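Coordinates as given in model14.pdb (PDB, N, CA and C atoms):
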```
ATOM      1  N   MET D   1       1.714 154.445 -52.175
ATOM      2  CA  MET D   1       2.012 154.658 -53.567
ATOM      3  C   MET D   1       0.853 154.216 -54.453
ATOM      4  N   ARG D   2       0.190 153.165 -54.044
ATOM      5  CA  ARG D   2      -0.959 152.719 -54.838
ATOM      6  C   ARG D   2      -2.020 153.801 -54.908
ATOM      7  N   TYR D   3      -2.127 154.591 -53.848
ATOM      8  CA  TYR D   3      -3.119 155.667 -53.817
ATOM      9  C   TYR D   3      -2.868 156.668 -54.948
ATOM     10  N   TYR D   4      -1.609 157.021 -55.186
ATOM     11  CA  TYR D   4      -1.279 158.025 -56.201
ATOM     12  C   TYR D   4      -1.086 157.441 -57.593
ATOM     13  N   PHE D   5      -0.490 156.251 -57.678
ATOM     14  CA  PHE D   5      -0.107 155.717 -58.981
ATOM     15  C   PHE D   5      -0.841 154.453 -59.386
ATOM     16  N   GLY D   6      -1.594 153.849 -58.492
ATOM     17  CA  GLY D   6      -2.359 152.660 -58.830
ATOM     18  C   GLY D   6      -1.614 151.352 -58.688
ATOM     19  N   SER D   7      -0.278 151.388 -58.552
ATOM     20  CA  SER D   7       0.494 150.161 -58.385
ATOM     21  C   SER D   7       1.844 150.494 -57.764
ATOM     22  N   VAL D   8       2.565 149.462 -57.379
ATOM     23  CA  VAL D   8       3.909 149.619 -56.846
ATOM     24  C   VAL D   8       4.882 149.064 -57.881
ATOM     25  N   PRO D   9       5.896 149.848 -58.294
ATOM     26  CA  PRO D   9       6.847 149.378 -59.305
ATOM     27  C   PRO D   9       7.646 148.159 -58.825
ATOM     28  N   ALA D  10       7.963 147.272 -59.730
ATOM     29  CA  ALA D  10       8.733 146.077 -59.399
ATOM     30  C   ALA D  10      10.228 146.388 -59.309
ATOM     31  N   ASP D  11      10.708 147.304 -60.127
ATOM     32  CA  ASP D  11      12.119 147.666 -60.153
ATOM     33  C   ASP D  11      12.440 148.557 -58.948
ATOM     34  N   GLU D  12      13.539 148.276 -58.260
ATOM     35  CA  GLU D  12      13.890 149.020 -57.038
ATOM     36  C   GLU D  12      14.147 150.498 -57.312
ATOM     37  N   GLN D  13      14.835 150.822 -58.386
ATOM     38  CA  GLN D  13      15.116 152.224 -58.708
ATOM     39  C   GLN D  13      13.814 152.977 -58.998
ATOM     40  N   GLU D  14      12.948 152.372 -59.787
ATOM     41  CA  GLU D  14      11.656 152.996 -60.078
ATOM     42  C   GLU D  14      10.827 153.144 -58.811
ATOM     43  N   PHE D  15      10.948 152.158 -57.896
ATOM     44  CA  PHE D  15      10.226 152.225 -56.636
ATOM     45  C   PHE D  15      10.623 153.476 -55.856
ATOM     46  N   TRP D  16      11.925 153.730 -55.719
ATOM     47  CA  TRP D  16      12.381 154.881 -54.933
ATOM     48  C   TRP D  16      12.026 156.202 -55.603
ATOM     49  N   ILE D  17      12.048 156.242 -56.915
ATOM     50  CA  ILE D  17      11.640 157.459 -57.630
ATOM     51  C   ILE D  17      10.158 157.719 -57.395
ATOM     52  N   ALA D  18       9.343 156.688 -57.540
ATOM     53  CA  ALA D  18       7.902 156.825 -57.318
ATOM     54  C   ALA D  18       7.610 157.157 -55.860
ATOM     55  N   TYR D  19       8.372 156.575 -54.931
ATOM     56  CA  TYR D  19       8.190 156.847 -53.510
ATOM     57  C   TYR D  19       8.455 158.323 -53.213
ATOM     58  N   GLY D  20       9.525 158.868 -53.790
ATOM     59  CA  GLY D  20       9.828 160.288 -53.622
ATOM     60  C   GLY D  20       8.727 161.169 -54.188
ATOM     61  N   GLU D  21       8.208 160.810 -55.336
ATOM     62  CA  GLU D  21       7.113 161.578 -55.938
ATOM     63  C   GLU D  21       5.863 161.522 -55.067
ATOM     64  N   ALA D  22       5.574 160.347 -54.515
ATOM     65  CA  ALA D  22       4.403 160.200 -53.651
ATOM     66  C   ALA D  22       4.549 161.041 -52.390
ATOM     67  N   LEU D  23       5.752 161.061 -51.803
ATOM     68  CA  LEU D  23       5.988 161.896 -50.626
ATOM     69  C   LEU D  23       5.803 163.365 -50.954
ATOM     70  N   TRP D  24       6.310 163.781 -52.115
ATOM     71  CA  TRP D  24       6.172 165.175 -52.529
ATOM     72  C   TRP D  24       4.704 165.543 -52.719
ATOM     73  N   LEU D  25       3.950 164.663 -53.369
ATOM     74  CA  LEU D  25       2.527 164.924 -53.582
ATOM     75  C   LEU D  25       1.778 164.996 -52.253
ATOM     76  N   GLU D  26       2.116 164.102 -51.328
ATOM     77  CA  GLU D  26       1.445 164.089 -50.034
ATOM     78  C   GLU D  26       1.770 165.362 -49.245
ATOM     79  N   GLU D  27       3.018 165.789 -49.283
ATOM     80  CA  GLU D  27       3.415 167.015 -48.581
ATOM     81  C   GLU D  27       2.706 168.227 -49.174
ATOM     82  N   ARG D  28       2.623 168.276 -50.491
ATOM     83  CA  ARG D  28       1.950 169.388 -51.163
ATOM     84  C   ARG D  28       0.471 169.435 -50.786
ATOM     85  N   GLU D  29      -0.154 168.259 -50.737
ATOM     86  CA  GLU D  29      -1.566 168.180 -50.368
ATOM     87  C   GLU D  29      -1.770 168.622 -48.913
ATOM     88  N   ALA D  30      -0.866 168.223 -48.020
ATOM     89  CA  ALA D  30      -0.966 168.601 -46.605
ATOM     90  C   ALA D  30      -0.806 170.112 -46.440
ATOM     91  N   LYS D  31       0.135 170.718 -47.178
ATOM     92  CA  LYS D  31       0.326 172.169 -47.103
ATOM     93  C   LYS D  31      -0.899 172.908 -47.630
ATOM     94  N   ARG D  32      -1.477 172.411 -48.692
ATOM     95  CA  ARG D  32      -2.670 173.037 -49.256
ATOM     96  C   ARG D  32      -3.831 172.964 -48.269
ATOM     97  N   LEU D  33      -3.977 171.819 -47.610
ATOM     98  CA  LEU D  33      -5.034 171.653 -46.612
ATOM     99  C   LEU D  33      -4.799 172.584 -45.423
ATOM    100  N   ALA D  34      -3.561 172.682 -44.954
ATOM    101  CA  ALA D  34      -3.233 173.569 -43.828
ATOM    102  C   ALA D  34      -3.524 175.019 -44.198
ATOM    103  N   HIS D  35      -3.188 175.411 -45.416
ATOM    104  CA  HIS D  35      -3.426 176.770 -45.877
ATOM    105  C   HIS D  35      -4.937 177.055 -45.932
ATOM    106  N   THR D  36      -5.699 176.095 -46.410
ATOM    107  CA  THR D  36      -7.155 176.256 -46.506
ATOM    108  C   THR D  36      -7.775 176.388 -45.115
ATOM    109  N   ILE D  37      -7.335 175.577 -44.171
ATOM    110  CA  ILE D  37      -7.857 175.637 -42.810
ATOM    111  C   ILE D  37      -7.482 176.973 -42.157
ATOM    112  N   ALA D  38      -6.242 177.411 -42.345
ATOM    113  CA  ALA D  38      -5.817 178.691 -41.784
ATOM    114  C   ALA D  38      -6.646 179.839 -42.366
ATOM    115  N   LYS D  39      -6.914 179.776 -43.647
ATOM    116  CA  LYS D  39      -7.720 180.800 -44.310
ATOM    117  C   LYS D  39      -9.150 180.793 -43.752
ATOM    118  N   LEU D  40      -9.662 179.603 -43.515
ATOM    119  CA  LEU D  40     -11.016 179.446 -42.982
ATOM    120  C   LEU D  40     -11.162 180.100 -41.602
ATOM    121  N   PHE D  41     -10.111 179.966 -40.791
ATOM    122  CA  PHE D  41     -10.156 180.519 -39.432
ATOM    123  C   PHE D  41      -9.518 181.900 -39.331
ATOM    124  N   GLY D  42      -9.345 182.561 -40.458
ATOM    125  CA  GLY D  42      -8.874 183.951 -40.463
ATOM    126  C   GLY D  42      -7.376 184.119 -40.363
ATOM    127  N   GLY D  43      -6.602 183.069 -40.656
ATOM    128  CA  GLY D  43      -5.149 183.172 -40.527
ATOM    129  C   GLY D  43      -4.480 183.376 -41.778
TER     130      GLY D  43
END
```
As structure tokens, how would this structure be written, given the file I've shared?
Amino acid sequence: MRYYFGSVPADEQEFWIAYGEALWLEEREAKRLAHTIAKLFGG
């Protein structure tokens, strides 16, 4: 979470919301990378 937001929230509810956002961002980045690699190799 620090990678995306710079800190970890102290409040538990905010922590889980930020954690979900971080997972979504990481998944989106992984899909974009996979798409770029597939495009590079003709897929």
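For the atom pair formed by atom C of Ala30 (chain D) and atom C of Glu14 (chain D), the distance is 24.0 Å, given to one decimal.
Pairwise distance (CA of Tyr19 (chain D), atom N of His35 (chain D)) equals 23.2 Å.
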| request: Mind the document's chain letters and residue numbers, and return as a PyMOL selection string the residues of chain D that DSSP labels alpha helix (DSSP H). | output: chain D and resi 2-5+12-40
| remark: CA of Arg32 (chain D) to CA of Gly6 (chain D) measures 22.5 Å
